[in-house]
Amino acid sequence: MTRPTPTAFLQVALDTPLRRVFDYLPPAGMDAARIEPGMRVLVPLGRRRAVGFVAGIARASEVPAARIRHALGLLDPEPLWDARSFELLRWAADYYQHPLGEVLSAAVPAALRRGAPAREPLLAWQLSARGLAESATPRQRLGPRQVALLARLGAGPLPAAEAGPARFGDALRSLRERGWLESIELPEAPPAAGQASTRPPPLTPAQREACEAIGGSLGAFTAWLLHGVTGSGKTEVYLDVIERVLAAGRGALVLVPEIALTPQLVGRFRRRLPVPVVTLHSSMTDAERLESWRAARSGAAPVVIGTRSAVFTPLPAPGVIIVDEEHDPSYKQQDGFRYSARDLAVARAARHGIPVVLGSATPSLETLANADEGRYRKLVLPERAGAAGKPRVGVVDLRHHAARDGLAQPVIAALERHLGAGGQVLVYLNRRGFAPTLFCSGCGWIAPCPACDARMTVHMARARLVCHHCGADAPLPFGCPKCGSEVSAVGQGTERVEQALAELFPQAPLVRVDRDVIRRRGDIERALEEVASGRARILLGTQMLTKGHDYPDVTLVAVLNADQGLFGADFRASERLAQQIVQVAGRAGRGERPGEVLIQSAHPENPLLTSLIQEGYEGFARRALEERRAAGWPPYSRLALLRADAPDRAAVYAFLHEAAAAAPAAQGLRLLGPAPAAMERRAGRYRAQLLVEAAARPALKQFLDAWLARVEQLRHPRPLRWSVDVDPIEVD
């Protein structure tokens, strides 16, 4: 019997590194007209089954019809995304040069990737028409449980989960067999609504102006830069705008860098808004993420607060997108699908015709350049809200003041003064562990990582040496493994400074916040509660402390090592250091008391530090943008990196040389390298890269489209991995 010629093929994107879609026939007996892009299907893939996403419907296929298999089933009655959101995902796959299947998989919770239903039906029982008639004047005797069940059904449908045998026994089964009951599907129960228990504080004139400007743009796309100094009340502007959006019957998506580190923000939203507010972040279980995603998609939760991947969350009626701390590098995914959530938030807002608000006290240079060139509209909050004033900033010259365990005498004196006056103090050191180096003074040995071009960090409390790059660890040796001489820990980390502060101020309870002590859910909340309650007087930690926390009683901030980023290899190193210093300094003096900031540096005359102190972040940014323009670095050029890594160094460079030779000729572009990464060997793999520099996005896109098609055809050893990073934030 001749097989009929298929008239429709499903183009299915699968979660694989292959940059293509796979052709399947619709499930047996199913009309392709029922299937739309954005739905999931279960398909055979080799000897296993896989969940795929329908990318399109085709009328022809290049694969012989006899080789095309049927999809096994349709998993969704409607697409997971609306047409504009789905088109954004397709655009993102194309722009970031990444396989569509992996992009779509990254955009949904893990449970959906495994085939969980996008909408959980809530089954319930209710009286049928016959049951209503018969129960009104029952012609036969009913048992006590049947009477109780009928009474319960008289109050409304009975969810199936509540109709267990312990409660109604055989009563439900017998009434169902008589035809008195029918099964129905209830809408999903919405999450708990917000408390709406707090009233908004009076707005400053600058806040009011920002609220009116953004509120007046609702219903149309505008990209707003909300540049507010630390403590100026950017969150109040966000809440005012969201209240306006909710009043119009629409929803809001709020992106934050690390939601696990900003419990204060989530609590503030829930206390202020009268609607359900859900969160989406990596610390949640798969079940929790699925529940929040479903509530957002159905509209049951009109406000979503999430980290990077939440930018893909489907919303039935989005009204505004807010990106808090838009400068934060955690908005850029650093492996797999290497997208920028901030940039995709702008692209999504444009597609939906809604405003997007990018808020920061230290905007990225790219965002400032967009505002300067008129693509973004800039709003400024120049003053702190309430009675708080700007903190007094000073530099401690480490060339003239010796440091004891990382603390110079002027800083120790300031700590004593502020603690004595009843204030809280924050000590910032962006280096965890006890010391960054274990050193032998006898032979000069320094503890190396066996798998990386890096030194092992001393963790004294655990008596271990740990590599912060690959995770390798080893026991702390009693002597030098080469010559047997005594070894010493050189330099300071938060663990060592904690020990020193405890000795200096034994009566001042201390809380440390870094990745070594904040490991489990709830750790950050407990630590911040110690500070908020006043029980902790000293707060010590890494850049985790800069993530939007509010410490109203902190009157002194001490930055112990401002020199870490002054001489970094990456062209963004100085920008990141400036942002960190300004953000952590902004924690001082946010309440009624005046604040003080002390910055320890062995290079106090460095132009970065002097411009920050004398002119603020704006002065630094203006100078940095001029330097970027002169050097031709972003935002005045566009970059892409082709990275490769393998256990064999020669294989990496052979592949990259072949890739460079395969590059098409193009005007206005430069292809640089191959060059080793700043840390060439990491976790036992050698790493190198090619850098592509272009004057404009279209030229870069056109080049990458042609070049990567050729790179994919290059043969290479199986252990070698390669990837492309468009708009990299680290050129290391």
# chains A, B, ... in the order shown; residues from 1 in each chain; ligands from 1
>>> residues_around(residues="Ala111 (chain A)", least_positions_apart="2", cutoff="12 Å", atoms="only C-alpha atoms", output="PyMOL selection string")
chain A and resi 51+105-109+113-119+285-291+293-294
>>> write_last_selection(atoms="C-alpha atoms", output="PDB file, in the first residue's frame")
ATOM      1  CA  VAL A  51      10.238  17.094  24.614  1.00  0.00           C
ATOM      2  CA  SER A 105      14.457  25.316  26.815  1.00  0.00           C
ATOM      3  CA  ALA A 106      16.256  28.025  28.803  1.00  0.00           C
ATOM      4  CA  ALA A 107      13.094  30.150  28.696  1.00  0.00           C
ATOM      5  CA  VAL A 108      10.888  27.713  30.680  1.00  0.00           C
ATOM      6  CA  PRO A 109      11.116  26.025  34.096  1.00  0.00           C
ATOM      7  CA  ARG A 113      11.316  20.787  29.793  1.00  0.00           C
ATOM      8  CA  ARG A 114      10.495  17.357  31.203  1.00  0.00           C
ATOM      9  CA  GLY A 115       6.905  17.473  29.942  1.00  0.00           C
ATOM     10  CA  ALA A 116       4.932  18.767  32.940  1.00  0.00           C
ATOM     11  CA  PRO A 117       1.623  20.405  31.948  1.00  0.00           C
ATOM     12  CA  ALA A 118       1.749  24.155  31.444  1.00  0.00           C
ATOM     13  CA  ARG A 119      -1.604  24.421  33.196  1.00  0.00           C
ATOM     14  CA  THR A 285      12.674  24.199  43.725  1.00  0.00           C
ATOM     15  CA  ASP A 286      11.465  23.029  40.321  1.00  0.00           C
ATOM     16  CA  ALA A 287       7.922  22.734  41.689  1.00  0.00           C
ATOM     17  CA  GLU A 288       7.998  26.267  43.106  1.00  0.00           C
ATOM     18  CA  ARG A 289       9.287  27.745  39.858  1.00  0.00           C
ATOM     19  CA  LEU A 290       6.599  25.937  37.867  1.00  0.00           C
ATOM     20  CA  GLU A 291       3.894  27.194  40.217  1.00  0.00           C
ATOM     21  CA  TRP A 293       5.438  30.508  36.128  1.00  0.00           C
ATOM     22  CA  ARG A 294       1.888  29.181  35.814  1.00  0.00           C
TER      23      ARG A 294
END
>>> select_by_dssp(residues="region 203-426 of chain A", states="helix (DSSP H, G or I)", output="ChimeraX atom specification")
/A:205-215,234-247,259-261,263-272,286-298,308-312,329-331,341-352,365-372,409-420
>>> write_last_selection(atoms="C-alpha atoms", output="PDB file, in the first residue's frame")
ATOM      1  CA  PRO A 205       9.907  66.568  43.605  1.00  0.00           C
ATOM      2  CA  ALA A 206      12.358  64.505  41.524  1.00  0.00           C
ATOM      3  CA  GLN A 207      10.521  61.258  42.350  1.00  0.00           C
ATOM      4  CA  ARG A 208       7.173  62.835  41.474  1.00  0.00           C
ATOM      5  CA  GLU A 209       8.544  64.109  38.171  1.00  0.00           C
ATOM      6  CA  ALA A 210       9.879  60.632  37.325  1.00  0.00           C
ATOM      7  CA  CYS A 211       6.572  58.956  38.217  1.00  0.00           C
ATOM      8  CA  GLU A 212       4.594  61.372  36.062  1.00  0.00           C
ATOM      9  CA  ALA A 213       6.973  61.012  33.114  1.00  0.00           C
ATOM     10  CA  ILE A 214       6.980  57.199  33.151  1.00  0.00           C
ATOM     11  CA  GLY A 215       3.264  57.047  33.964  1.00  0.00           C
ATOM     12  CA  LYS A 234      14.147  54.441  43.021  1.00  0.00           C
ATOM     13  CA  THR A 235      12.007  51.640  44.461  1.00  0.00           C
ATOM     14  CA  GLU A 236       9.255  54.133  45.325  1.00  0.00           C
ATOM     15  CA  VAL A 237       9.204  55.194  41.687  1.00  0.00           C
ATOM     16  CA  TYR A 238       8.925  51.547  40.620  1.00  0.00           C
ATOM     17  CA  LEU A 239       6.010  50.966  43.015  1.00  0.00           C
ATOM     18  CA  ASP A 240       4.155  54.102  41.909  1.00  0.00           C
ATOM     19  CA  VAL A 241       4.464  53.108  38.246  1.00  0.00           C
ATOM     20  CA  ILE A 242       3.356  49.521  38.988  1.00  0.00           C
ATOM     21  CA  GLU A 243       0.286  50.803  40.872  1.00  0.00           C
ATOM     22  CA  ARG A 244      -0.669  52.787  37.767  1.00  0.00           C
ATOM     23  CA  VAL A 245      -0.128  49.725  35.572  1.00  0.00           C
ATOM     24  CA  LEU A 246      -2.280  47.547  37.839  1.00  0.00           C
ATOM     25  CA  ALA A 247      -5.037  50.182  37.837  1.00  0.00           C
ATOM     26  CA  ILE A 259      16.682  37.835  44.234  1.00  0.00           C
ATOM     27  CA  ALA A 260      18.078  35.625  47.012  1.00  0.00           C
ATOM     28  CA  LEU A 261      20.124  38.655  48.088  1.00  0.00           C
ATOM     29  CA  PRO A 263      14.560  39.803  50.382  1.00  0.00           C
ATOM     30  CA  GLN A 264      13.884  43.364  51.492  1.00  0.00           C
ATOM     31  CA  LEU A 265      12.703  44.316  48.000  1.00  0.00           C
ATOM     32  CA  VAL A 266      10.293  41.377  47.665  1.00  0.00           C
ATOM     33  CA  GLY A 267       8.855  42.010  51.126  1.00  0.00           C
ATOM     34  CA  ARG A 268       8.379  45.671  50.331  1.00  0.00           C
ATOM     35  CA  PHE A 269       6.449  44.887  47.152  1.00  0.00           C
ATOM     36  CA  ARG A 270       4.184  42.407  48.933  1.00  0.00           C
ATOM     37  CA  ARG A 271       3.442  44.829  51.765  1.00  0.00           C
ATOM     38  CA  ARG A 272       2.591  47.603  49.320  1.00  0.00           C
ATOM     39  CA  ASP A 286      11.465  23.029  40.321  1.00  0.00           C
ATOM     40  CA  ALA A 287       7.922  22.734  41.689  1.00  0.00           C
ATOM     41  CA  GLU A 288       7.998  26.267  43.106  1.00  0.00           C
ATOM     42  CA  ARG A 289       9.287  27.745  39.858  1.00  0.00           C
ATOM     43  CA  LEU A 290       6.599  25.937  37.867  1.00  0.00           C
ATOM     44  CA  GLU A 291       3.894  27.194  40.217  1.00  0.00           C
ATOM     45  CA  SER A 292       5.083  30.805  39.919  1.00  0.00           C
ATOM     46  CA  TRP A 293       5.438  30.508  36.128  1.00  0.00           C
ATOM     47  CA  ARG A 294       1.888  29.181  35.814  1.00  0.00           C
ATOM     48  CA  ALA A 295       0.505  31.960  38.013  1.00  0.00           C
ATOM     49  CA  ALA A 296       2.293  34.590  35.919  1.00  0.00           C
ATOM     50  CA  ARG A 297       1.204  33.081  32.600  1.00  0.00           C
ATOM     51  CA  SER A 298      -2.446  32.805  33.635  1.00  0.00           C
ATOM     52  CA  ARG A 308      17.864  36.940  34.645  1.00  0.00           C
ATOM     53  CA  SER A 309      15.750  34.126  33.138  1.00  0.00           C
ATOM     54  CA  ALA A 310      12.492  35.750  34.287  1.00  0.00           C
ATOM     55  CA  VAL A 311      12.772  38.055  31.265  1.00  0.00           C
ATOM     56  CA  PHE A 312      11.149  35.225  29.261  1.00  0.00           C
ATOM     57  CA  PRO A 329      27.002  41.911  35.303  1.00  0.00           C
ATOM     58  CA  SER A 330      24.830  39.035  36.540  1.00  0.00           C
ATOM     59  CA  TYR A 331      22.230  40.057  33.933  1.00  0.00           C
ATOM     60  CA  ALA A 341      18.547  39.955  30.222  1.00  0.00           C
ATOM     61  CA  ARG A 342      18.756  43.755  30.353  1.00  0.00           C
ATOM     62  CA  ASP A 343      19.034  44.075  26.581  1.00  0.00           C
ATOM     63  CA  LEU A 344      16.290  41.497  26.005  1.00  0.00           C
ATOM     64  CA  ALA A 345      14.049  43.401  28.434  1.00  0.00           C
ATOM     65  CA  VAL A 346      14.395  46.465  26.209  1.00  0.00           C
ATOM     66  CA  ALA A 347      13.739  44.378  23.092  1.00  0.00           C
ATOM     67  CA  ARG A 348      10.686  42.752  24.698  1.00  0.00           C
ATOM     68  CA  ALA A 349       9.235  46.099  25.791  1.00  0.00           C
ATOM     69  CA  ALA A 350       9.649  47.417  22.244  1.00  0.00           C
ATOM     70  CA  ARG A 351       7.770  44.434  20.808  1.00  0.00           C
ATOM     71  CA  HIS A 352       4.903  44.794  23.299  1.00  0.00           C
ATOM     72  CA  LEU A 365      28.509  53.013  30.219  1.00  0.00           C
ATOM     73  CA  GLU A 366      26.449  51.412  27.419  1.00  0.00           C
ATOM     74  CA  THR A 367      23.225  52.675  28.995  1.00  0.00           C
ATOM     75  CA  LEU A 368      24.654  56.149  29.558  1.00  0.00           C
ATOM     76  CA  ALA A 369      25.768  56.290  25.922  1.00  0.00           C
ATOM     77  CA  ASN A 370      22.264  55.285  24.788  1.00  0.00           C
ATOM     78  CA  ALA A 371      20.853  58.135  26.879  1.00  0.00           C
ATOM     79  CA  ASP A 372      23.409  60.601  25.505  1.00  0.00           C
ATOM     80  CA  GLN A 409      44.946  52.516  61.926  1.00  0.00           C
ATOM     81  CA  PRO A 410      42.707  55.411  60.697  1.00  0.00           C
ATOM     82  CA  VAL A 411      40.043  52.853  59.771  1.00  0.00           C
ATOM     83  CA  ILE A 412      40.321  51.125  63.156  1.00  0.00           C
ATOM     84  CA  ALA A 413      39.954  54.503  64.869  1.00  0.00           C
ATOM     85  CA  ALA A 414      36.898  55.351  62.766  1.00  0.00           C
ATOM     86  CA  LEU A 415      35.332  51.975  63.539  1.00  0.00           C
ATOM     87  CA  GLU A 416      35.841  52.595  67.251  1.00  0.00           C
ATOM     88  CA  ARG A 417      34.379  56.101  67.005  1.00  0.00           C
ATOM     89  CA  HIS A 418      31.222  55.082  65.124  1.00  0.00           C
ATOM     90  CA  LEU A 419      30.588  52.003  67.256  1.00  0.00           C
ATOM     91  CA  GLY A 420      31.052  54.113  70.373  1.00  0.00           C
TER      92      GLY A 420
END
>>> residues_around(residues="Ala502 (chain A)", least_positions_apart="3", cutoff="12 Å", atoms="only C-alpha atoms", output="count of residues only")
18
>>> residues_around(residues="Val41 (chain A)", least_positions_apart="3", cutoff="8 Å", atoms="only C-alpha atoms", output="PyMOL selection string")
chain A and resi 51-54+71-76
>>> write_last_selection(atoms="C-alpha atoms", output="PDB file, in the first residue's frame")
ATOM      1  CA  VAL A  51      10.238  17.094  24.614  1.00  0.00           C
ATOM      2  CA  GLY A  52      10.535  19.577  21.761  1.00  0.00           C
ATOM      3  CA  PHE A  53       9.074  22.942  20.808  1.00  0.00           C
ATOM      4  CA  VAL A  54       7.200  23.492  17.570  1.00  0.00           C
ATOM      5  CA  ALA A  71       5.498  13.027  16.846  1.00  0.00           C
ATOM      6  CA  LEU A  72       4.198  10.930  19.722  1.00  0.00           C
ATOM      7  CA  GLY A  73       1.856  13.486  21.218  1.00  0.00           C
ATOM      8  CA  LEU A  74       0.913  17.127  21.655  1.00  0.00           C
ATOM      9  CA  LEU A  75       1.598  18.393  25.182  1.00  0.00           C
ATOM     10  CA  ASP A  76      -0.118  21.791  25.082  1.00  0.00           C
TER      11      ASP A  76
END
>>> residues_around(residues="Pro477 (chain A)", least_positions_apart="6", cutoff="12 Å", atoms="only C-alpha atoms", output="ChimeraX atom specification")
/A:438-440,446-447,458-460,463-465,484-489
>>> write_last_selection(atoms="C-alpha atoms", output="PDB file, in the first residue's frame")
ATOM      1  CA  LEU A 438      50.013  30.426  51.129  1.00  0.00           C
ATOM      2  CA  PHE A 439      53.712  31.330  50.890  1.00  0.00           C
ATOM      3  CA  CYS A 440      57.009  29.712  51.898  1.00  0.00           C
ATOM      4  CA  ILE A 446      53.255  29.528  46.573  1.00  0.00           C
ATOM      5  CA  ALA A 447      50.404  26.980  46.824  1.00  0.00           C
ATOM      6  CA  VAL A 458      43.600  29.665  52.413  1.00  0.00           C
ATOM      7  CA  HIS A 459      40.444  28.770  54.387  1.00  0.00           C
ATOM      8  CA  MET A 460      41.760  28.609  57.937  1.00  0.00           C
ATOM      9  CA  ALA A 463      42.073  23.997  57.424  1.00  0.00           C
ATOM     10  CA  ARG A 464      41.823  23.704  53.627  1.00  0.00           C
ATOM     11  CA  LEU A 465      43.317  25.186  50.500  1.00  0.00           C
ATOM     12  CA  GLY A 484      59.827  21.755  54.714  1.00  0.00           C
ATOM     13  CA  SER A 485      60.102  25.356  55.921  1.00  0.00           C
ATOM     14  CA  GLU A 486      57.323  27.177  57.715  1.00  0.00           C
ATOM     15  CA  VAL A 487      54.541  28.536  55.496  1.00  0.00           C
ATOM     16  CA  SER A 488      52.441  31.641  56.108  1.00  0.00           C
ATOM     17  CA  ALA A 489      49.125  32.990  54.852  1.00  0.00           C
TER      18      ALA A 489
END
>>> residues_around(residues="Trp180 (chain A)", least_positions_apart="5", cutoff="6 Å", atoms="only C-alpha atoms", output="CSV table (one decimal) with N, CA and C atoms, in the first residue's frame")
chain,number,residue,atom,x,y,z
A,127,LEU,N,-22.9,18.3,41.3
A,127,LEU,CA,-24.1,17.6,41.0
A,127,LEU,C,-24.5,17.8,39.5
A,128,SER,N,-24.8,16.7,38.9
A,128,SER,CA,-25.3,16.8,37.5
A,128,SER,C,-26.7,17.2,37.5
A,130,ARG,N,-29.2,15.5,36.6
A,130,ARG,CA,-30.0,14.4,37.2
A,130,ARG,C,-29.9,14.4,38.7
A,131,GLY,N,-28.6,14.7,39.2
A,131,GLY,CA,-28.4,14.7,40.6
A,131,GLY,C,-29.1,15.8,41.3
A,175,LEU,N,-22.8,7.6,44.2
A,175,LEU,CA,-23.5,8.6,43.5
A,175,LEU,C,-23.1,8.9,42.1
>>> select_by_dssp(residues="region 142-389 of chain A", states="strand (DSSP E or B)", output="MDAnalysis selection string")
chainID A and resid 158:159 181:186 193 223:228 251:255 276:280 303:306 318:324 332 340 356:360 377:381
>>> write_last_selection(atoms="N, CA and C atoms", output="compact mmCIF listing (two decimals), in the first residue's frame")
# COMPACT_ATOMS: atom_id res chain seq x y z
N LEU A 158 -16.78 20.30 44.70
CA LEU A 158 -15.87 19.67 45.65
C LEU A 158 -14.59 19.29 44.93
N PRO A 159 -13.45 19.94 45.22
CA PRO A 159 -12.19 19.54 44.57
C PRO A 159 -11.90 18.07 44.80
N LEU A 181 -23.42 12.70 39.72
CA LEU A 181 -22.26 13.58 39.78
C LEU A 181 -21.62 13.72 38.41
N GLU A 182 -20.95 14.84 38.20
CA GLU A 182 -20.16 15.05 36.99
C GLU A 182 -18.85 15.73 37.36
N SER A 183 -17.82 15.44 36.57
CA SER A 183 -16.48 16.00 36.80
C SER A 183 -16.34 17.31 36.03
N ILE A 184 -15.78 18.31 36.68
CA ILE A 184 -15.54 19.60 36.03
C ILE A 184 -14.10 20.02 36.32
N GLU A 185 -13.65 21.05 35.60
CA GLU A 185 -12.31 21.58 35.80
C GLU A 185 -12.42 22.99 36.34
N LEU A 186 -11.78 23.24 37.51
CA LEU A 186 -11.82 24.55 38.13
C LEU A 186 -10.63 25.39 37.68
N ALA A 193 -2.72 37.11 47.81
CA ALA A 193 -2.56 38.51 47.40
C ALA A 193 -1.64 39.23 48.35
N ALA A 223 12.17 53.73 26.44
CA ALA A 223 13.21 53.20 27.33
C ALA A 223 13.66 54.33 28.24
N TRP A 224 13.44 54.15 29.54
CA TRP A 224 13.78 55.16 30.53
C TRP A 224 15.03 54.73 31.30
N LEU A 225 15.97 55.63 31.47
CA LEU A 225 17.07 55.44 32.41
C LEU A 225 16.74 56.24 33.65
N LEU A 226 16.54 55.54 34.78
CA LEU A 226 16.29 56.19 36.06
C LEU A 226 17.60 56.19 36.84
N HIS A 227 18.32 57.29 36.74
CA HIS A 227 19.63 57.41 37.37
C HIS A 227 19.45 58.12 38.71
N GLY A 228 19.43 57.33 39.77
CA GLY A 228 19.23 57.89 41.09
C GLY A 228 20.37 57.53 42.01
N GLY A 251 -0.05 44.03 33.88
CA GLY A 251 0.91 43.46 34.81
C GLY A 251 2.28 44.06 34.68
N ALA A 252 3.18 43.65 35.58
CA ALA A 252 4.54 44.21 35.62
C ALA A 252 5.54 43.09 35.81
N LEU A 253 6.66 43.22 35.12
CA LEU A 253 7.80 42.32 35.28
C LEU A 253 8.96 43.13 35.83
N VAL A 254 9.50 42.70 36.97
CA VAL A 254 10.60 43.39 37.63
C VAL A 254 11.80 42.45 37.68
N LEU A 255 12.89 42.85 37.05
CA LEU A 255 14.11 42.05 37.07
C LEU A 255 15.08 42.62 38.10
N PRO A 276 -1.39 39.44 44.04
CA PRO A 276 -0.35 38.42 44.21
C PRO A 276 0.95 38.83 43.51
N VAL A 277 2.05 38.65 44.22
CA VAL A 277 3.39 38.91 43.69
C VAL A 277 4.17 37.61 43.77
N VAL A 278 4.66 37.11 42.64
CA VAL A 278 5.42 35.86 42.66
C VAL A 278 6.87 36.15 42.27
N THR A 279 7.75 35.24 42.70
CA THR A 279 9.16 35.36 42.38
C THR A 279 9.60 34.19 41.52
N LEU A 280 10.66 34.41 40.76
CA LEU A 280 11.27 33.37 39.91
C LEU A 280 12.78 33.51 40.00
N VAL A 303 2.16 40.59 39.09
CA VAL A 303 3.49 41.17 39.32
C VAL A 303 4.48 40.03 39.51
N VAL A 304 5.54 40.03 38.71
CA VAL A 304 6.58 39.01 38.76
C VAL A 304 7.89 39.69 39.07
N ILE A 305 8.59 39.19 40.10
CA ILE A 305 9.94 39.67 40.42
C ILE A 305 10.89 38.50 40.22
N GLY A 306 11.87 38.67 39.37
CA GLY A 306 12.74 37.54 39.08
C GLY A 306 14.13 37.96 38.64
N PRO A 318 1.25 42.45 29.71
CA PRO A 318 2.34 43.23 30.32
C PRO A 318 2.12 44.73 30.13
N GLY A 319 2.42 45.50 31.19
CA GLY A 319 2.26 46.95 31.10
C GLY A 319 3.55 47.71 31.28
N VAL A 320 4.54 47.11 31.98
CA VAL A 320 5.82 47.76 32.18
C VAL A 320 6.85 46.68 32.52
N ILE A 321 8.10 46.92 32.13
CA ILE A 321 9.22 46.08 32.54
C ILE A 321 10.22 46.97 33.25
N ILE A 322 10.66 46.53 34.43
CA ILE A 322 11.62 47.29 35.23
C ILE A 322 12.87 46.44 35.41
N VAL A 323 14.03 47.02 35.18
CA VAL A 323 15.31 46.34 35.39
C VAL A 323 16.05 47.12 36.48
N ASP A 324 16.04 46.57 37.69
CA ASP A 324 16.70 47.24 38.81
C ASP A 324 18.19 46.92 38.79
N LYS A 332 24.03 39.19 32.52
CA LYS A 332 24.56 38.51 31.33
C LYS A 332 24.85 37.05 31.68
N SER A 340 21.91 38.74 27.29
CA SER A 340 21.81 39.82 28.27
C SER A 340 20.34 40.04 28.58
N VAL A 356 10.00 50.52 29.38
CA VAL A 356 10.95 49.76 30.18
C VAL A 356 11.76 50.77 30.98
N VAL A 357 11.97 50.47 32.27
CA VAL A 357 12.69 51.37 33.16
C VAL A 357 13.98 50.68 33.59
N LEU A 358 15.11 51.31 33.31
CA LEU A 358 16.42 50.80 33.71
C LEU A 358 16.91 51.67 34.86
N GLY A 359 16.95 51.10 36.06
CA GLY A 359 17.31 51.89 37.23
C GLY A 359 18.68 51.55 37.76
N SER A 360 19.43 52.56 38.19
CA SER A 360 20.74 52.32 38.79
C SER A 360 21.31 53.62 39.35
N ARG A 377 15.55 57.80 27.39
CA ARG A 377 15.24 59.08 28.04
C ARG A 377 15.68 59.00 29.49
N LYS A 378 16.41 60.00 29.92
CA LYS A 378 17.06 59.97 31.24
C LYS A 378 16.27 60.77 32.27
N LEU A 379 16.06 60.14 33.42
CA LEU A 379 15.46 60.80 34.58
C LEU A 379 16.46 60.71 35.72
N VAL A 380 16.60 61.78 36.49
CA VAL A 380 17.64 61.84 37.53
C VAL A 380 16.98 62.07 38.89
N LEU A 381 17.41 61.27 39.86
CA LEU A 381 17.06 61.49 41.27
C LEU A 381 18.36 61.91 41.96
>>> atom_distance(atom1="CA of Ile57 (chain A)", atom2="CA of Arg710 (chain A)")
27.3 Å
>>> residues_around(residues="region 623-636 of chain A", least_positions_apart="6", cutoff="12 Å", atoms="only C-alpha atoms", output="PyMOL selection string")
chain A and resi 364-373+570-576+578+607-608+610-612+615-617+669-670+692-697+727-731
